[in-house]
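Participant: Take this structure, written in C-alpha cells, and hold onto it; I'll ask about it next.
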Amino acid sequence: MKPPGDASARIERLRREIEDHNHSYYALDRPTISDAEYDRLFRELQALEQAHPDLASADSPTQRVGSAPLPEFASVTHEVPMLSLNNAFSEAEAEAFDRRAREGLASDEIEYNCEPKFDGLAISLTYAEGRFVRGATRGDGYTGEDVTANLRTVRGIPLRLRARHPPALIDVRGEMIMYHDDFDRLNARQRERGEKEFVNPRNAAAGSLRQLDPRVTAERPLRLFAYGVGELRGAELPPTQKDLLDLLAEFGLPVCGERAVTSGAVGLLEYYRTLLEKRAALPYDVDGVVYKVNRLADQQRLGFVSRAPRFAIAHKFPAEEAETEIVAIEVQVGRTGALTPVARLKPVFVGGVTVTNATLHNEDEVHRKDVRVGDTVIVRRAGDVIPEVLRVVAGKRKSDVPVYHLPRKCPACGSAVIRLPDEAIARCSGGLVCPAQRKQALWHFASRRALDIDGLGEKLIEQLVDADIVHGPAELYGLGLEELSGLDRMGEKSAQNLLAAIEKSKRTTLRRFIYALGIRNVGEATAKDLASHFGTLDALMAADETALQEVTDVGPIVAESIRKFFAEQHNVRAVQALRQAGVSWSETVTARPARGPFAGKSFVLTGTLSGMTREEATAQIEARGGKVSGSVSGKTDYVVAGADPGAKLAKAERLGLTILDEAALRKLLG
DNA sequence: GATCCTCGAGTTCT
DNA sequence: CTCGAGGATC
C-alpha cells in the first residue's frame, strides 16, 4: 500500500487530468484521448477515492455521477435579472436596431459582437472564488430554480475555473443545449428501454435539466455555451463583449466559436446571412443570431426599455418550412355553424414539432392556393406556432384530382349548407338541431371565460350529447351520479368532481351569463358592455334594436343578432330553465364609475406576467377606472410587456407608446 | 366614403 | 395569433 501522501498527489493529478480532458472535449472541441483511456483514468480515480474517503472533494469529476433525488427544486433569486431580448424578424428591423443604437450613442458606426442564438435553455452558473457553487434556470428572469445538483453532472461545466486569481464571485450566463447526434443517440436509447422519446433537442435538454434525480441528468448529453455575465464581484469587466467571451473561454467555459465582431448594419446582415447558410451544417439548433453593442460602456449608456436591453437584439431566422402531403381535407363545424376545411397531413417534423393538421380557413382560401387531396405542399409554423399550408408544390400532382368543394350538406346533421353572397364563410343551417353546433354551444357555455365548469371538456360533452343525455345547457344542472356512471373514463371520484364544478358554476355574473349564451357577434367585451348598460337580464331581453344600439360598440348588426336570439322561443325557454335550475348572479350591476387614477386610460397587455395572471392585472386596472384592450393602436396609453412579449410590443415601439414592465405597472397600481 | 380601432371567431400542440 | 368584419370617427 502506498503512503497516503502519494495517494493524495495522485488523486489531485488524476482530477486535474480528467478535467483537462473534459475541457479539451467540451470547451475546445478537440478530444485529446480515446473514450477507453478516459474511462481508465476515471476508474482509477474512483478506486483511489474509495480507498481514501478522507480525500473526497465535491470538485472531483467523480462527483459528476449525480447525487440522490431531490423532493423539489428550491427557488433562486437572480441578483442581476436574466432579461429576454427583443426580436427582429426582418432585415429592416435589424437595420432599425442599428439606427436606434447610433442615435443613442451619437455615433456614425458601431461595432457589434455577433453570436448565434441557441435554441435551448438559459441558465446562470455562480462561481465563488472560482468554485462552482450554484446553478439556476432562468425562470421568469427574476426567480429561477436551483438545479445545481443537475448541472454538476454536466461535464462541459467546469467545477473549478481555470484561473489563478478567479473573481470573488462571478455569475456566468449561458445556454444549455443538446447536439443533434447526442440527441439521436439519446432517443435510440430511450427507444431500446421502452421509454418515451423526445420530440426535439430543446425539449430533451429542458427535460434533462429539470430532473429531480440528478443521476438521470448525469446520463443525458447536455452541453453548455456561455455567453455573458450577470453579477461580478472582486474583478473588473473587460472593455468589450468580445473580450468578455474570451475571458470566459480562458476560465475553461465552453464558448461558441461561431462569433464575430462586425461594424454597422451592413456587418450585422453579413453575419446573419453567413450563419443562415451554415445553419443546416451546425451540430446544434440555432434559431437566429444575437447582436450586441460590443463596448460594454456603450451598452450601459444605451440601457434598457421595459424588460429588454436596448443594446442587444435577437434577429430570428425565418420559420422553417417542410414538404408533406395532404392525406385528406376534412370539415369541422363551429359553434356558429361555420364550416372550416382542415387539411390532414402526412406527419411532418417542422419548427420543432410534428404537424398533422393545418386549417385551410375557408373555401376561397382552398381555391386561392388550389389545394387538393393528395397534393404535395409546403407547410410552416406561422408566428412559430400555428401550422399553415403555404403553397402546393407545382408539378407533383397526380392527374385527375378534382378541385375541392365544401359539402353541400352539413357532415354532422345533413342540413343544407348556406353561404351568403357577401361572406367568405359557409354555414350549416341546422342551428341547434345540428349535434356539432350543440356540442360547441355547450363547450362555449362551460368554458373558462363563460360559466367556467371545470372538467367538462370536449370528450365529455361529445359523450353526453351522443348518448342523448344532455341537449342544452340547462340539462347540465339536472345531472346526477346515475347519468354519469356509464360514461368512459368516469369513475365515482371524477363524477363527483364534475357535479361539484357544475354546482359551483351556478353562482356567476351577468356578463359571464350573457357571454355564455353564445349570441352571435356577442363576445366577452360586448357581453360586459351589455351587462353594465342594462343591469338586468330582463332589461336586456326586453330591449328593442334602438335601445340596444345605445350601448357602445353595438350597431345595427349586433343589435339584430341579439334581438333575433331572444325572439326565438327555445332560447327564452333555455334561459328560464337555467334560472330555475339555480343559475344566478347579483342582479344589480352598478355601471362602473369612470373614476379612479386610470380613468380614460387604455392598457394593452402582452407577454407573460410573473407575479400575477393577466386576469388579475386586468381586474386591478379596471378597478382603477382603466380599460384593458386586446390590440395596440394610437389610442393606447400604456402597453404592459411581460416575459416573451409578442408582436404587440413591436407595434407599440413603432408607435412610440409608453411601455411598462411589470414592476412599473405595480408601481402605477400603487 | 374612407380609415382606423376593436372585437369575435377559429385554430395547433405540448 | 391572425383574419375578417362591425362600429366609430372624420
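Naming works like this for the C-alpha cells: A, B, ... for the chains as they're shown, residue 1 at the start of each chain, ligands 1 onward in shown order.
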Please identify every residue of chain B that has at least one atom no farther than 8 Å from an atom of chain A, counting only C-alpha atoms (C1' of nucleotides), and for each give the shortest atom pair and the distance in Å to one decimal, arranged by chain then increasing number, as JSON lines.

Facilitator:
```
{"residue": "B:DC5", "atom": "C1'", "partner": "A:Ser633", "partner_atom": "CA", "distance": 7.0}
{"residue": "B:DT6", "atom": "C1'", "partner": "A:Ser631", "partner_atom": "CA", "distance": 7.3}
{"residue": "B:DC7", "atom": "C1'", "partner": "A:Ala525", "partner_atom": "CA", "distance": 7.2}
{"residue": "B:DG8", "atom": "C1'", "partner": "A:Gly523", "partner_atom": "CA", "distance": 5.9}
{"residue": "B:DG10", "atom": "C1'", "partner": "A:Gly334", "partner_atom": "CA", "distance": 7.9}
{"residue": "B:DT11", "atom": "C1'", "partner": "A:Thr359", "partner_atom": "CA", "distance": 6.8}
{"residue": "B:DT12", "atom": "C1'", "partner": "A:Ile386", "partner_atom": "CA", "distance": 5.2}
{"residue": "B:DC13", "atom": "C1'", "partner": "A:Val353", "partner_atom": "CA", "distance": 7.9}
```

Participant: Give me, as JSON lines, each residue of chain C that comes within 9 Å of chain A, together with its shortest interatomic pair and the distance in Å at one decimal, counting only C-alpha atoms (C1' of nucleotides), with rows ordered by chain and rising residue number.

Facilitator:
```
{"residue": "C:DC1", "atom": "C1'", "partner": "A:Gly383", "partner_atom": "CA", "distance": 7.2}
{"residue": "C:DG4", "atom": "C1'", "partner": "A:Ala424", "partner_atom": "CA", "distance": 8.8}
{"residue": "C:DG6", "atom": "C1'", "partner": "A:Ile557", "partner_atom": "CA", "distance": 7.3}
{"residue": "C:DG7", "atom": "C1'", "partner": "A:Asp553", "partner_atom": "CA", "distance": 5.7}
{"residue": "C:DA8", "atom": "C1'", "partner": "A:Asp553", "partner_atom": "CA", "distance": 8.0}
```

Participant: Write to file, as a short mmCIF file (atom, residue, chain, number, x, y, z; two decimals), in the first residue's frame, the residues of the selection just made, with all heavy atoms.

Facilitator:
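again05.cif written:
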```cif
data_model
loop_
_atom_site.label_atom_id
_atom_site.label_comp_id
_atom_site.auth_asym_id
_atom_site.auth_seq_id
_atom_site.Cartn_x
_atom_site.Cartn_y
_atom_site.Cartn_z
P DC C 1 -49.41 37.03 -29.67
OP1 DC C 1 -48.17 37.59 -29.27
OP2 DC C 1 -50.68 37.69 -29.47
"O5'" DC C 1 -49.32 36.54 -31.18
"C5'" DC C 1 -49.18 35.11 -31.42
"C4'" DC C 1 -49.76 34.78 -32.79
"O4'" DC C 1 -51.01 34.08 -32.60
"C3'" DC C 1 -50.08 36.01 -33.63
"O3'" DC C 1 -49.75 35.81 -34.99
"C2'" DC C 1 -51.57 36.17 -33.47
"C1'" DC C 1 -52.07 34.76 -33.27
N1 DC C 1 -53.28 34.72 -32.41
C2 DC C 1 -54.44 34.10 -32.88
O2 DC C 1 -54.41 33.58 -33.99
N3 DC C 1 -55.54 34.10 -32.10
C4 DC C 1 -55.52 34.69 -30.89
N4 DC C 1 -56.63 34.65 -30.16
C5 DC C 1 -54.35 35.31 -30.39
C6 DC C 1 -53.26 35.31 -31.17
P DG C 4 -59.06 37.44 -44.43
OP1 DG C 4 -59.20 36.51 -45.56
OP2 DG C 4 -58.31 38.70 -44.56
"O5'" DG C 4 -60.52 37.79 -43.91
"C5'" DG C 4 -61.28 36.79 -43.23
"C4'" DG C 4 -62.41 37.46 -42.51
"O4'" DG C 4 -61.91 38.07 -41.29
"C3'" DG C 4 -63.07 38.58 -43.31
"O3'" DG C 4 -64.46 38.44 -43.15
"C2'" DG C 4 -62.52 39.85 -42.67
"C1'" DG C 4 -62.37 39.41 -41.22
N9 DG C 4 -61.40 40.14 -40.41
C8 DG C 4 -60.16 40.61 -40.78
N7 DG C 4 -59.53 41.21 -39.80
C5 DG C 4 -60.42 41.15 -38.74
C6 DG C 4 -60.30 41.65 -37.42
O6 DG C 4 -59.36 42.26 -36.92
N1 DG C 4 -61.43 41.36 -36.66
C2 DG C 4 -62.53 40.69 -37.11
N2 DG C 4 -63.53 40.51 -36.25
N3 DG C 4 -62.66 40.21 -38.34
C4 DG C 4 -61.57 40.49 -39.10
P DG C 6 -70.01 42.58 -40.65
OP1 DG C 6 -70.78 41.34 -40.70
OP2 DG C 6 -70.03 43.55 -41.77
"O5'" DG C 6 -70.39 43.35 -39.31
"C5'" DG C 6 -70.19 42.70 -38.05
"C4'" DG C 6 -69.99 43.74 -36.98
"O4'" DG C 6 -68.63 44.22 -37.00
"C3'" DG C 6 -70.87 44.97 -37.14
"O3'" DG C 6 -71.28 45.36 -35.84
"C2'" DG C 6 -69.96 45.99 -37.78
"C1'" DG C 6 -68.60 45.62 -37.19
N9 DG C 6 -67.43 45.90 -38.01
C8 DG C 6 -67.25 45.58 -39.34
N7 DG C 6 -66.07 45.94 -39.79
C5 DG C 6 -65.44 46.51 -38.70
C6 DG C 6 -64.15 47.08 -38.57
O6 DG C 6 -63.28 47.19 -39.44
N1 DG C 6 -63.91 47.55 -37.29
C2 DG C 6 -64.80 47.49 -36.25
N2 DG C 6 -64.40 47.98 -35.09
N3 DG C 6 -66.01 46.95 -36.34
C4 DG C 6 -66.27 46.49 -37.59
P DG C 7 -72.27 46.53 -35.62
OP1 DG C 7 -73.05 46.20 -34.41
OP2 DG C 7 -72.94 46.88 -36.87
"O5'" DG C 7 -71.25 47.69 -35.25
"C5'" DG C 7 -70.42 47.51 -34.12
"C4'" DG C 7 -69.71 48.80 -33.78
"O4'" DG C 7 -68.56 48.95 -34.64
"C3'" DG C 7 -70.54 50.07 -33.95
"O3'" DG C 7 -70.24 50.88 -32.82
"C2'" DG C 7 -70.04 50.66 -35.26
"C1'" DG C 7 -68.60 50.20 -35.28
N9 DG C 7 -67.98 49.98 -36.58
C8 DG C 7 -68.52 49.38 -37.68
N7 DG C 7 -67.71 49.32 -38.71
C5 DG C 7 -66.55 49.92 -38.24
C6 DG C 7 -65.31 50.14 -38.90
O6 DG C 7 -64.99 49.85 -40.05
N1 DG C 7 -64.39 50.78 -38.07
C2 DG C 7 -64.64 51.16 -36.78
N2 DG C 7 -63.64 51.76 -36.13
N3 DG C 7 -65.79 50.95 -36.15
C4 DG C 7 -66.70 50.33 -36.94
P DA C 8 -70.80 52.31 -32.63
OP1 DA C 8 -71.10 52.45 -31.20
OP2 DA C 8 -71.81 52.60 -33.67
"O5'" DA C 8 -69.49 53.19 -32.93
"C5'" DA C 8 -68.33 52.95 -32.15
"C4'" DA C 8 -67.29 54.00 -32.46
"O4'" DA C 8 -66.71 53.74 -33.76
"C3'" DA C 8 -67.82 55.44 -32.52
"O3'" DA C 8 -66.81 56.28 -31.97
"C2'" DA C 8 -68.03 55.67 -34.01
"C1'" DA C 8 -66.89 54.85 -34.61
N9 DA C 8 -67.16 54.30 -35.95
C8 DA C 8 -68.32 53.77 -36.42
N7 DA C 8 -68.25 53.34 -37.66
C5 DA C 8 -66.93 53.62 -38.03
C6 DA C 8 -66.23 53.41 -39.22
N6 DA C 8 -66.75 52.83 -40.30
N1 DA C 8 -64.93 53.80 -39.25
C2 DA C 8 -64.40 54.36 -38.17
N3 DA C 8 -64.97 54.61 -36.98
C4 DA C 8 -66.26 54.21 -36.98
#
```

Participant: Mind checking which residues fall within 7 Å of Thr606 of chain A, counting only C-alpha atoms (C1' of nucleotides), ignoring those fewer than 4 positions away in the same chain, and posting them as a PyMOL selection string?

Facilitator: chain A and resi 640-642+645-646+648

Participant: Output all heavy atoms for every residue in the selection just made, as a PDB file, in the first residue's frame.

Facilitator:
```pdb
ATOM      1  N   VAL A 640     -48.256  47.077 -21.427  1.00  0.00           N
ATOM      2  CA  VAL A 640     -47.556  46.376 -20.354  1.00  0.00           C
ATOM      3  C   VAL A 640     -46.906  45.133 -20.952  1.00  0.00           C
ATOM      4  O   VAL A 640     -47.591  44.256 -21.469  1.00  0.00           O
ATOM      5  CB  VAL A 640     -48.533  45.963 -19.230  1.00  0.00           C
ATOM      6  CG1 VAL A 640     -47.783  45.233 -18.133  1.00  0.00           C
ATOM      7  CG2 VAL A 640     -49.242  47.189 -18.684  1.00  0.00           C
ATOM      8  N   ALA A 641     -45.572  45.073 -20.905  1.00  0.00           N
ATOM      9  CA  ALA A 641     -44.848  43.962 -21.521  1.00  0.00           C
ATOM     10  C   ALA A 641     -44.333  43.017 -20.450  1.00  0.00           C
ATOM     11  O   ALA A 641     -43.572  43.407 -19.577  1.00  0.00           O
ATOM     12  CB  ALA A 641     -43.693  44.489 -22.367  1.00  0.00           C
ATOM     13  N   GLY A 642     -44.769  41.767 -20.509  1.00  0.00           N
ATOM     14  CA  GLY A 642     -44.243  40.734 -19.629  1.00  0.00           C
ATOM     15  C   GLY A 642     -43.116  39.997 -20.321  1.00  0.00           C
ATOM     16  O   GLY A 642     -42.512  40.517 -21.259  1.00  0.00           O
ATOM     17  N   PRO A 645     -42.725  38.944 -24.877  1.00  0.00           N
ATOM     18  CA  PRO A 645     -43.828  39.709 -25.440  1.00  0.00           C
ATOM     19  C   PRO A 645     -44.016  39.375 -26.914  1.00  0.00           C
ATOM     20  O   PRO A 645     -43.087  38.920 -27.579  1.00  0.00           O
ATOM     21  CB  PRO A 645     -43.364  41.149 -25.265  1.00  0.00           C
ATOM     22  CG  PRO A 645     -41.883  41.074 -25.207  1.00  0.00           C
ATOM     23  CD  PRO A 645     -41.547  39.755 -24.598  1.00  0.00           C
ATOM     24  N   GLY A 646     -45.206  39.588 -27.409  1.00  0.00           N
ATOM     25  CA  GLY A 646     -45.494  39.272 -28.803  1.00  0.00           C
ATOM     26  C   GLY A 646     -45.309  40.472 -29.711  1.00  0.00           C
ATOM     27  O   GLY A 646     -44.606  41.433 -29.378  1.00  0.00           O
ATOM     28  N   LYS A 648     -47.214  42.735 -30.304  1.00  0.00           N
ATOM     29  CA  LYS A 648     -47.825  43.961 -29.812  1.00  0.00           C
ATOM     30  C   LYS A 648     -46.763  44.932 -29.291  1.00  0.00           C
ATOM     31  O   LYS A 648     -46.917  46.144 -29.412  1.00  0.00           O
ATOM     32  CB  LYS A 648     -48.809  43.637 -28.686  1.00  0.00           C
ATOM     33  CG  LYS A 648     -50.067  42.955 -29.179  1.00  0.00           C
ATOM     34  CD  LYS A 648     -51.033  42.760 -28.022  1.00  0.00           C
ATOM     35  CE  LYS A 648     -51.504  41.323 -27.936  1.00  0.00           C
ATOM     36  NZ  LYS A 648     -52.330  41.112 -26.743  1.00  0.00           N
TER      37      LYS A 648
END
```

Participant: Neighbours of Phe251 of chain A within 7 Å (only C-alpha atoms (C1' of nucleotides); same-chain residues fewer than 5 positions away dropped), as a PyMOL selection string?

Facilitator: chain A and resi 161-163

Participant: Could you turn the residues from that selection into a file that holds C-alpha atoms, as a compact mmCIF listing (two decimals), in the first residue's frame?

Facilitator:
```
# COMPACT_ATOMS: atom_id res chain seq x y z
CA LEU A 161 -12.50 27.89 -13.11
CA ARG A 162 -9.14 27.68 -14.80
CA ALA A 163 -7.79 30.89 -13.34
```
